[in-house]
$ cat input_8.tsv   # TSV, C-alpha atoms (C1' of nucleotides)
chain	number	residue	atom	x	y	z
A	76	MET	CA	271.26	225.30	71.79
A	77	ALA	CA	269.89	223.01	74.41
A	78	THR	CA	271.62	219.80	75.10
A	79	PRO	CA	268.84	217.29	75.22
A	80	GLU	CA	270.51	215.07	77.69
A	81	THR	CA	270.96	217.75	80.26
A	82	PRO	CA	267.70	218.84	81.82
A	83	ARG	CA	268.85	222.38	81.67
A	84	THR	CA	265.38	223.61	81.00
A	85	PRO	CA	263.84	223.00	84.35
A	86	PRO	CA	261.15	225.55	85.12
A	87	PRO	CA	260.09	227.54	82.08
A	88	THR	CA	258.02	225.10	80.06
A	89	PRO	CA	254.51	226.45	79.93
A	90	ASP	CA	252.19	224.02	78.27
A	91	PRO	CA	250.68	226.35	75.71
A	92	GLU	CA	254.03	227.26	74.35
A	93	LEU	CA	255.19	223.70	74.04
A	94	ALA	CA	251.88	222.81	72.46
A	95	SER	CA	252.25	225.58	69.90
A	96	ARG	CA	255.72	224.58	69.14
A	97	LEU	CA	254.91	220.93	68.77
A	98	ARG	CA	252.04	221.82	66.52
A	99	LEU	CA	254.18	223.82	64.20
A	100	VAL	CA	257.04	221.42	64.04
A	101	VAL	CA	254.82	218.41	63.54
A	102	VAL	CA	252.87	220.07	60.76
A	103	ARG	CA	256.00	221.17	59.02
A	104	THR	CA	257.72	217.87	59.40
A	105	ALA	CA	254.73	216.03	58.00
A	106	ARG	CA	254.71	218.36	55.03
A	107	ARG	CA	258.35	217.83	54.48
A	108	LEU	CA	258.03	214.09	54.64
A	109	ARG	CA	255.23	214.20	52.14
A	110	GLN	CA	257.34	216.22	49.77
A	111	GLU	CA	260.32	213.96	50.11
A	112	SER	CA	258.45	210.74	49.74
A	113	GLY	CA	256.94	211.85	46.51
A	114	GLY	CA	260.17	212.48	44.76
A	115	VAL	CA	262.21	209.57	45.92
A	116	GLY	CA	260.78	206.90	43.71
A	117	PRO	CA	257.78	204.77	42.99
A	118	GLU	CA	256.96	204.59	46.66
A	119	LEU	CA	253.90	205.15	48.73
A	120	SER	CA	252.72	208.33	50.31
A	121	PRO	CA	253.09	208.68	54.06
A	122	THR	CA	249.42	208.01	54.55
A	123	LEU	CA	249.45	204.80	52.60
A	124	THR	CA	252.69	203.78	54.21
A	125	ALA	CA	251.29	204.28	57.67
A	126	ALA	CA	248.19	202.32	56.81
A	127	LEU	CA	250.18	199.51	55.28
A	128	ALA	CA	252.37	199.41	58.35
A	129	THR	CA	249.32	199.04	60.54
A	130	ILE	CA	247.91	196.29	58.38
A	131	ASP	CA	251.25	194.58	58.50
A	132	ARG	CA	251.59	194.92	62.22
A	133	CYS	CA	248.04	194.16	63.26
A	134	GLY	CA	247.56	191.20	61.02
A	135	PRO	CA	244.39	190.73	59.00
A	136	LEU	CA	241.88	193.32	60.06
A	137	THR	CA	238.69	194.86	58.90
A	138	PRO	CA	238.54	198.28	57.30
A	139	SER	CA	236.77	199.53	60.39
A	140	ALA	CA	239.55	198.30	62.60
A	141	LEU	CA	242.05	199.98	60.34
A	142	ALA	CA	240.08	203.20	60.57
A	143	GLU	CA	240.12	203.03	64.31
A	144	ALA	CA	243.80	202.21	64.49
A	145	GLU	CA	244.74	205.01	62.13
A	146	ARG	CA	242.22	207.39	63.61
A	147	ILE	CA	240.53	208.00	60.34
A	148	GLN	CA	236.94	207.59	59.26
A	149	ARG	CA	235.71	204.43	57.67
A	150	PRO	CA	235.19	205.88	54.22
A	151	THR	CA	238.77	207.04	54.25
A	152	ALA	CA	239.86	203.56	55.21
A	153	THR	CA	237.86	202.17	52.36
A	154	ARG	CA	239.67	204.34	49.90
A	155	ILE	CA	243.06	203.63	51.36
A	156	VAL	CA	242.48	199.91	51.25
A	157	ALA	CA	241.29	200.22	47.68
A	158	ARG	CA	244.49	201.99	46.74
A	159	LEU	CA	246.66	199.49	48.48
A	160	GLU	CA	244.76	196.65	46.87
A	161	GLN	CA	245.13	198.31	43.52
A	162	HIS	CA	248.86	198.20	44.02
A	163	GLY	CA	248.69	194.57	45.05
A	164	LEU	CA	249.98	195.34	48.49
A	165	VAL	CA	247.00	194.00	50.39
A	166	SER	CA	244.35	191.43	49.71
A	167	ARG	CA	240.85	191.02	51.01
A	168	ALA	CA	238.97	187.99	52.17
A	169	SER	CA	235.36	187.67	53.13
A	170	ASP	CA	234.56	186.61	56.62
A	171	PRO	CA	232.66	183.32	56.37
A	172	ASP	CA	230.82	184.04	59.59
A	173	ASP	CA	229.69	187.52	58.74
A	174	GLY	CA	228.97	188.50	55.21
A	175	ARG	CA	229.39	192.17	55.92
A	176	VAL	CA	232.97	192.25	57.02
A	177	SER	CA	236.00	191.87	54.84
A	178	LEU	CA	239.40	191.09	56.21
A	179	VAL	CA	242.35	192.96	54.83
A	180	GLU	CA	245.74	191.36	54.86
A	181	ILE	CA	249.14	192.39	53.64
A	182	THR	CA	250.49	190.47	50.68
A	183	ARG	CA	253.96	189.19	50.12
A	184	GLU	CA	254.58	192.13	47.86
A	185	GLY	CA	253.28	194.46	50.49
A	186	ARG	CA	255.61	193.02	53.03
A	187	ALA	CA	258.51	193.28	50.66
A	188	LEU	CA	257.65	196.88	49.99
A	189	MET	CA	257.45	197.66	53.67
A	190	LYS	CA	260.89	196.25	54.06
A	191	ARG	CA	262.20	198.29	51.19
A	192	ILE	CA	260.50	201.36	52.54
A	193	ARG	CA	262.03	200.95	55.92
A	194	SER	CA	265.48	200.87	54.50
A	195	ARG	CA	265.14	203.13	51.55
A	196	LYS	CA	262.31	205.56	51.73
A	197	ASN	CA	263.40	206.85	55.05
A	198	GLU	CA	266.68	207.70	53.54
A	199	TYR	CA	266.03	211.38	53.80
A	200	LEU	CA	265.06	211.24	57.42
A	201	ALA	CA	267.63	208.64	58.30
A	202	LYS	CA	270.34	210.73	56.73
A	203	ARG	CA	269.34	213.68	58.82
A	204	LEU	CA	269.16	211.55	61.89
A	205	ARG	CA	272.66	210.40	61.31
A	206	THR	CA	273.83	213.96	61.86
A	207	LEU	CA	272.59	213.78	65.42
A	208	THR	CA	274.36	212.47	68.42
A	209	PRO	CA	273.23	209.18	69.93
A	210	GLN	CA	271.78	211.09	72.84
A	211	GLU	CA	269.78	213.26	70.53
A	212	ARG	CA	268.44	210.23	68.76
A	213	GLU	CA	267.46	208.84	72.07
A	214	THR	CA	265.55	211.97	72.76
A	215	LEU	CA	263.66	211.55	69.53
A	216	THR	CA	262.94	207.94	70.28
A	217	ALA	CA	261.53	208.86	73.64
A	218	ALA	CA	259.54	211.66	72.06
A	219	ALA	CA	258.11	209.30	69.47
A	220	GLU	CA	256.95	207.05	72.20
A	221	LEU	CA	255.37	209.91	74.08
A	222	LEU	CA	253.53	211.06	71.00
A	223	GLU	CA	252.30	207.58	70.37
A	224	ARG	CA	250.95	207.56	73.84
A	225	LEU	CA	249.33	210.94	73.39
A	226	LEU	CA	247.63	209.73	70.26
A	227	GLU	CA	245.93	206.94	72.09
A	228	ASP	CA	243.15	207.35	74.54
A	229	PRO	CA	240.50	208.84	72.29
A	230	ALA	CA	238.15	209.28	75.19
A	231	ALA	CA	239.05	212.82	76.17
A	232	THR	CA	239.17	213.94	72.59
A	233	ALA	CA	235.88	212.41	71.60
A	234	SER	CA	234.08	214.05	74.47
A	235	GLN	CA	235.67	217.37	73.58
A	236	LYS	CA	234.43	217.17	70.05
A	237	ALA	CA	230.97	216.21	71.15
A	238	ALA	CA	230.81	219.32	73.28
A	239	ALA	CA	231.81	221.65	70.48
A	240	VAL	CA	228.69	221.81	68.39
A	241	PRO	CA	228.14	225.25	66.92
A	242	ARG	CA	229.60	226.19	63.62
B	133	MET	CA	254.84	206.00	84.69
B	134	ALA	CA	257.15	208.77	85.19
B	135	THR	CA	260.63	208.92	86.29
B	136	PRO	CA	262.57	205.70	86.29
B	137	GLU	CA	259.89	203.91	84.37
B	138	THR	CA	261.10	204.73	80.91
B	139	PRO	CA	263.67	202.13	80.03
B	140	ARG	CA	263.72	203.63	76.61
B	141	THR	CA	266.41	202.72	74.20
B	142	PRO	CA	268.91	201.02	76.31
B	143	PRO	CA	270.07	199.11	73.26
B	144	PRO	CA	271.38	200.75	70.14
B	145	THR	CA	268.77	202.50	68.05
B	146	PRO	CA	269.23	201.72	64.41
B	147	ASP	CA	268.49	204.73	62.29
B	148	PRO	CA	266.06	203.14	59.89
B	149	GLU	CA	263.81	202.02	62.66
B	150	LEU	CA	263.77	205.38	64.35
B	151	ALA	CA	263.14	207.01	61.02
B	152	SER	CA	260.19	204.74	60.35
B	153	ARG	CA	258.79	205.33	63.71
B	154	LEU	CA	259.17	209.05	63.53
B	155	ARG	CA	257.54	209.04	60.15
B	156	LEU	CA	254.51	207.23	61.37
B	157	VAL	CA	254.05	209.16	64.53
B	158	VAL	CA	254.52	212.50	62.85
B	159	VAL	CA	252.06	211.72	60.11
B	160	ARG	CA	249.48	210.50	62.56
B	161	THR	CA	249.96	213.38	64.93
B	162	ALA	CA	249.60	215.87	62.13
B	163	ARG	CA	246.41	214.22	61.04
B	164	ARG	CA	245.08	214.28	64.53
B	165	LEU	CA	245.89	217.93	64.95
B	166	ARG	CA	244.14	218.74	61.73
B	167	GLN	CA	241.04	216.93	62.86
B	168	GLU	CA	240.95	218.64	66.20
B	169	SER	CA	241.57	222.11	64.96
B	170	GLY	CA	238.75	221.92	62.50
B	171	GLY	CA	236.03	221.08	64.93
B	172	VAL	CA	236.94	223.14	67.92
B	173	GLY	CA	235.85	226.53	66.75
B	174	PRO	CA	236.21	229.24	64.16
B	175	GLU	CA	239.94	228.81	64.12
B	176	LEU	CA	242.52	228.36	61.45
B	177	SER	CA	243.82	225.16	59.98
B	178	PRO	CA	247.28	224.08	61.04
B	179	THR	CA	248.72	225.19	57.75
B	180	LEU	CA	247.32	228.67	58.02
B	181	THR	CA	248.27	228.84	61.65
B	182	ALA	CA	251.83	227.91	60.90
B	183	ALA	CA	252.02	230.47	58.12
B	184	LEU	CA	250.53	233.17	60.29
B	185	ALA	CA	252.99	232.33	63.03
B	186	THR	CA	255.85	232.75	60.60
B	187	ILE	CA	254.51	236.04	59.35
B	188	ASP	CA	254.13	237.16	62.92
B	189	ARG	CA	257.59	236.07	63.92
B	190	CYS	CA	259.51	237.14	60.86
B	191	GLY	CA	257.89	240.51	60.54
B	192	PRO	CA	256.77	241.87	57.18
B	193	LEU	CA	257.98	239.55	54.48
B	194	THR	CA	257.35	238.79	50.87
B	195	PRO	CA	255.32	235.81	49.74
B	196	SER	CA	258.51	234.29	48.41
B	197	ALA	CA	260.17	234.62	51.76
B	198	LEU	CA	257.19	233.02	53.38
B	199	ALA	CA	257.36	230.17	50.91
B	200	GLU	CA	260.97	229.63	51.73
B	201	ALA	CA	260.42	229.79	55.45
B	202	GLU	CA	257.51	227.39	55.35
B	203	ARG	CA	259.15	225.18	52.76
B	204	ILE	CA	256.32	225.49	50.36
B	205	GLN	CA	256.16	226.63	46.76
B	206	ARG	CA	255.39	230.19	45.89
B	207	PRO	CA	251.96	229.52	44.45
B	208	THR	CA	250.99	227.84	47.67
B	209	ALA	CA	252.21	230.84	49.58
B	210	THR	CA	250.12	233.07	47.36
B	211	ARG	CA	247.01	231.13	48.20
B	212	ILE	CA	247.76	231.03	51.88
B	213	VAL	CA	248.34	234.75	52.02
B	214	ALA	CA	245.13	235.31	50.12
B	215	ARG	CA	243.24	233.27	52.65
B	216	LEU	CA	244.79	235.03	55.58
B	217	GLU	CA	244.11	238.38	54.00
B	218	GLN	CA	240.53	237.35	53.38
B	219	HIS	CA	240.20	236.77	57.06
B	220	GLY	CA	241.77	240.11	57.81
B	221	LEU	CA	244.68	238.51	59.58
B	222	VAL	CA	247.39	239.93	57.38
B	223	SER	CA	247.74	242.97	55.20
B	224	ARG	CA	249.86	243.68	52.17
B	225	ALA	CA	251.85	246.68	51.22
B	226	SER	CA	253.66	247.41	48.01
B	227	ASP	CA	257.34	247.89	48.16
B	228	PRO	CA	258.01	251.43	47.00
B	229	ASP	CA	261.42	250.46	45.69
B	230	ASP	CA	260.33	247.41	43.75
B	231	GLY	CA	256.91	247.26	42.19
B	232	ARG	CA	256.99	243.49	41.95
B	233	VAL	CA	257.22	242.61	45.58
B	234	SER	CA	254.49	242.91	48.11
B	235	LEU	CA	255.15	242.86	51.79
B	236	VAL	CA	252.88	240.82	53.97
B	237	GLU	CA	252.38	241.83	57.56
B	238	ILE	CA	250.27	240.53	60.37
B	239	THR	CA	247.40	242.75	61.46
B	240	ARG	CA	246.25	243.56	64.92
B	241	GLU	CA	243.50	241.04	64.49
B	242	GLY	CA	245.97	238.48	63.31
B	243	ARG	CA	248.10	239.03	66.33
B	244	ALA	CA	245.11	238.77	68.60
B	245	LEU	CA	244.12	235.53	66.93
B	246	MET	CA	247.58	234.13	67.32
B	247	LYS	CA	247.38	234.88	70.98
B	248	ARG	CA	244.02	233.23	71.26
B	249	ILE	CA	245.22	230.27	69.31
B	250	ARG	CA	248.19	229.80	71.53
B	251	SER	CA	246.04	229.62	74.58
B	252	ARG	CA	242.92	228.05	73.23
B	253	LYS	CA	243.38	226.10	70.09
B	254	ASN	CA	246.12	224.05	71.56
B	255	GLU	CA	243.79	223.00	74.27
B	256	TYR	CA	243.64	219.51	72.96
B	257	LEU	CA	247.37	219.11	72.81
B	258	ALA	CA	247.98	221.08	75.97
B	259	LYS	CA	245.56	218.96	77.88
B	260	ARG	CA	247.34	215.85	76.78
B	261	LEU	CA	250.65	217.36	77.59
B	262	ARG	CA	249.45	218.07	81.07
B	263	THR	CA	249.20	214.34	81.65
B	264	LEU	CA	252.93	214.03	81.17
B	265	THR	CA	255.60	214.52	83.72
B	266	PRO	CA	257.75	217.63	83.53
B	267	GLN	CA	260.61	215.46	82.46
B	268	GLU	CA	258.59	214.02	79.62
B	269	ARG	CA	257.60	217.46	78.51
B	270	GLU	CA	261.21	218.37	78.53
B	271	THR	CA	261.88	215.47	76.24
B	272	LEU	CA	259.28	216.75	73.83
B	273	THR	CA	260.71	220.22	73.99
B	274	ALA	CA	264.11	218.92	73.14
B	275	ALA	CA	262.64	216.78	70.38
B	276	ALA	CA	260.82	219.76	68.91
B	277	GLU	CA	264.07	221.61	68.83
B	278	LEU	CA	265.81	218.74	67.11
B	279	LEU	CA	263.09	218.44	64.51
B	280	GLU	CA	263.26	222.14	63.85
B	281	ARG	CA	266.92	221.70	63.21
B	282	LEU	CA	266.34	218.71	60.96
B	283	LEU	CA	263.86	220.67	58.92
B	284	GLU	CA	266.39	223.19	57.91
B	285	ASP	CA	268.39	222.86	54.79
B	286	PRO	CA	271.18	220.35	54.75
B	287	ALA	CA	273.59	223.19	54.43
B	288	ALA	CA	272.20	225.10	57.35
B	289	THR	CA	272.03	221.96	59.38
B	290	ALA	CA	275.59	221.13	58.63
B	291	SER	CA	276.80	224.47	59.80
B	292	GLN	CA	274.71	224.39	62.91
B	293	LYS	CA	275.67	220.94	63.90
B	294	ALA	CA	279.29	221.86	63.67
B	295	ALA	CA	279.39	221.45	67.42
B	296	ALA	CA	277.91	218.00	67.30
B	297	VAL	CA	280.11	216.11	64.95
B	298	PRO	CA	278.55	212.81	64.00
B	299	ARG	CA	281.05	210.36	65.24
C	271	DC	C1'	208.61	184.22	60.42
C	272	DT	C1'	208.70	188.73	59.36
C	273	DA	C1'	209.71	193.59	60.52
C	274	DA	C1'	212.70	196.84	62.77
C	275	DA	C1'	216.96	198.21	64.27
C	276	DG	C1'	221.81	198.03	64.12
C	277	DT	C1'	226.40	197.41	61.88
C	278	DA	C1'	230.07	197.04	58.00
C	279	DG	C1'	231.25	198.81	53.99
C	280	DT	C1'	230.81	201.66	50.17
C	281	DT	C1'	229.68	205.67	47.13
C	282	DA	C1'	229.26	210.61	46.27
C	283	DG	C1'	230.52	215.01	46.95
C	284	DC	C1'	233.11	218.67	49.45
C	285	DA	C1'	237.19	221.29	51.18
C	286	DA	C1'	242.04	221.82	52.37
C	287	DC	C1'	246.81	221.67	50.68
C	288	DG	C1'	250.47	220.50	48.22
C	289	DC	C1'	252.45	220.52	43.53
C	290	DT	C1'	253.89	222.02	38.42
C	291	DA	C1'	253.25	224.76	34.31
C	292	DA	C1'	252.36	228.83	32.33
C	293	DC	C1'	251.20	233.69	32.44
C	294	DT	C1'	251.75	238.81	33.86
C	295	DA	C1'	254.27	242.60	35.56
C	296	DG	C1'	258.13	245.01	36.99
C	297	DC	C1'	263.35	245.45	37.11
C	298	DC	C1'	267.93	245.59	35.07
C	299	DA	C1'	271.72	245.00	31.59
C	300	DC	C1'	272.90	246.02	27.28
D	145	DG	C1'	264.18	250.03	23.68
D	146	DT	C1'	264.79	244.74	23.66
D	147	DG	C1'	265.88	240.56	26.15
D	148	DG	C1'	266.31	238.26	30.17
D	149	DC	C1'	265.61	237.83	35.10
D	150	DT	C1'	262.63	237.80	39.19
D	151	DA	C1'	258.13	238.22	41.99
D	152	DG	C1'	253.75	237.08	42.02
D	153	DT	C1'	249.74	235.10	40.30
D	154	DT	C1'	246.45	232.00	37.83
D	155	DA	C1'	245.00	227.44	36.24
D	156	DG	C1'	244.67	222.84	36.84
D	157	DC	C1'	245.91	218.33	39.00
D	158	DG	C1'	246.32	214.73	42.71
D	159	DT	C1'	246.08	213.34	47.52
D	160	DT	C1'	243.83	213.13	51.82
D	161	DG	C1'	240.69	214.11	55.08
D	162	DC	C1'	235.66	214.77	56.11
D	163	DT	C1'	230.20	214.06	56.25
D	164	DA	C1'	225.97	212.32	54.38
D	165	DA	C1'	223.59	208.91	52.39
D	166	DC	C1'	223.12	204.38	50.46
D	167	DT	C1'	223.49	199.07	50.24
D	168	DA	C1'	223.93	194.68	52.29
D	169	DC	C1'	224.03	191.81	55.96
D	170	DT	C1'	223.02	190.50	60.87
D	171	DT	C1'	220.48	190.60	64.94
D	172	DT	C1'	216.59	191.31	67.70
D	173	DA	C1'	211.56	191.89	68.73
D	174	DG	C1'	206.98	190.77	68.27
$ encode --input "input_8.tsv" --output "structure tokens"
Amino acid sequence: MATPETPRTPPPTPDPELASRLRLVVVRTARRLRQESGGVGPELSPTLTAALATIDRCGPLTPSALAEAERIQRPTATRIVARLEQHGLVSRASDPDDGRVSLVEITREGRALMKRIRSRKNEYLAKRLRTLTPQERETLTAAAELLERLLEDPAATASQKAAAVPR
Amino acid sequence: MATPETPRTPPPTPDPELASRLRLVVVRTARRLRQESGGVGPELSPTLTAALATIDRCGPLTPSALAEAERIQRPTATRIVARLEQHGLVSRASDPDDGRVSLVEITREGRALMKRIRSRKNEYLAKRLRTLTPQERETLTAAAELLERLLEDPAATASQKAAAVPR
DNA sequence: CTAAAGTAGTTAGCAACGCTAACTAGCCAC
DNA sequence: GTGGCTAGTTAGCGTTGCTAACTACTTTAG
């Protein structure tokens, strides 16, 4: 098994293989998280949690802004906000300057839930993480940051999609 | 932005925070991958791709074994196999010894598709990965390995991490 | 000032994927 | 054989993503 701290894998890292591998592991991990989150308690699904986190972090924002931040389509954002609102986790306010936009904001309850989620819902993952060495956790932290970076910059992606028409 | 420029995690990394962060980034990455894969061409969804990869790697196996490997329920495996079979990517054979079980195997076409997928469908990810430094890619490789380990059963994990005793 | 164009949000409907519950079919123990 | 186990399937549900099309408001042009 590779020791993450030692760059003992110098040459043989062809992109396609790493891409494949990342694909698989990310898909499987996401699935696993979804499974876990469901059973733990009366908590939110990963999707709603991620959205709530964004709303929390980015302050009051419009559904469109949420869609952009989460890389989802506006209709999806609409539904997500509706669900969160239904649970009393976010509230909406009309923009006085522009009657079209509505500003979504996290509520006190929402914030409290986020806090609870951070400490409790991640129990599964956190427990697993605790079995790793500090160096390994560092690796994951760095990887998370890299992925975050990869997720940004929609330019290349958008142009790719535009080029791929036939279907 | 490469070598010495990642002052990542000099301070302690509390588990809950890392867990949260991993959660979010994994969920979002998975979503992104799903979006990309759909539009690029006549390719498979991430779920089907992952399943096909497992069938390819683990040789002929039963639907139950697939379910276990992919951490899904048997009915889900049934549907996935049906879809793959529909596309001619896998074939089934009855076990002569046990009339209940059916053995699923990847076909030549399936193998060819896997090959194509590895080189083509990951284009999006691979392209992004190419913007990283070798060291960063190494980090992701190590992270993928860690996540693979974390995905395994607690029992299996425990035995494997025998070398890396948590404190 | 009114008409056209653009933008924010929503609604409606579709497909993928995961689940549980319940059924069928084959195997084995008695 | 009958009863119980296991493998696989079918049926049905909920979530989450999408696109297309609609409404409502704003902005711009004439």
$ closest_atom_pairs --input "input_8.tsv" --of "chain C" --to "chain A" --cutoff "12 Å" --atoms "all atoms listed in the file" --output "tab-separated table"
residue	atom	partner	partner_atom	distance
C:DT277	C1'	A:Arg175	CA	8.5
C:DA278	C1'	A:Arg175	CA	5.3
C:DG279	C1'	A:Arg175	CA	7.2
C:DT280	C1'	A:Pro150	CA	7.3
C:DT281	C1'	A:Pro150	CA	9.0
C:DA282	C1'	A:Pro150	CA	11.0
C:DC287	C1'	A:Arg106	CA	9.6
C:DG288	C1'	A:Gln110	CA	8.2
C:DC289	C1'	A:Gln110	CA	9.0
$ closest_residue --input "input_8.tsv" --among "B:Arg240, B:Arg248, B:Arg164, B:Arg189" --to "chain D" --atoms "all atoms listed in the file"
B:Arg164
$ closest_atom_pairs --input "input_8.tsv" --of "chain D" --to "chain B" --cutoff "9 Å" --atoms "only C-alpha atoms (C1' of nucleotides)" --output "Markdown table"
| residue | atom | partner | partner_atom | distance |
| --- | --- | --- | --- | --- |
| D:DT150 | C1' | B:Arg232 | CA | 8.5 |
| D:DA151 | C1' | B:Arg232 | CA | 5.4 |
| D:DG152 | C1' | B:Arg232 | CA | 7.2 |
| D:DT153 | C1' | B:Pro207 | CA | 7.3 |
| D:DT154 | C1' | B:Pro207 | CA | 9.0 |
| D:DG161 | C1' | B:Arg163 | CA | 8.3 |
| D:DC162 | C1' | B:Gln167 | CA | 8.9 |
$ closest_residue --input "input_8.tsv" --among "B:Arg243, B:Arg224, B:Arg215, B:Arg262" --to "chain A" --atoms "all atoms listed in the file"
B:Arg262
$ atom_distance --input "input_8.tsv" --atom1 "atom CA of A:Leu225" --atom2 "atom CA of B:Arg260"
6.3 Å
$ closest_residue --input "input_8.tsv" --among "B:Ser251, B:Thr265, B:Thr186, B:Ser223" --to "chain A" --atoms "only C-alpha atoms"
B:Ser251
$ atom_distance --input "input_8.tsv" --atom1 "atom CA of B:Ile204" --atom2 "atom CA of B:Glu280"
15.5 Å
$ residues_near_point --input "input_8.tsv" --point "(267.6, 214.7, 66.6)" --cutoff "12 Å" --atoms "all atoms listed in the file" --output "NGL selection string"
(:A and (77-80 or 200-219)) or (:B and (147 or 150-151 or 154 or 271-283 or 289 or 293 or 296 or 298))
$ atom_distance --input "input_8.tsv" --atom1 "atom CA of B:Val222" --atom2 "atom C1' of D:DG158"
29.2 Å
$ closest_residue --input "input_8.tsv" --among "B:Leu176, B:Glu202, B:Ser226, B:Leu184" --to "chain A" --atoms "only C-alpha atoms"
B:Glu202
$ closest_residue --input "input_8.tsv" --among "B:Ile238, B:Ile249, B:Cys190, B:Val213" --to "chain A" --atoms "all atoms listed in the file"
B:Ile249
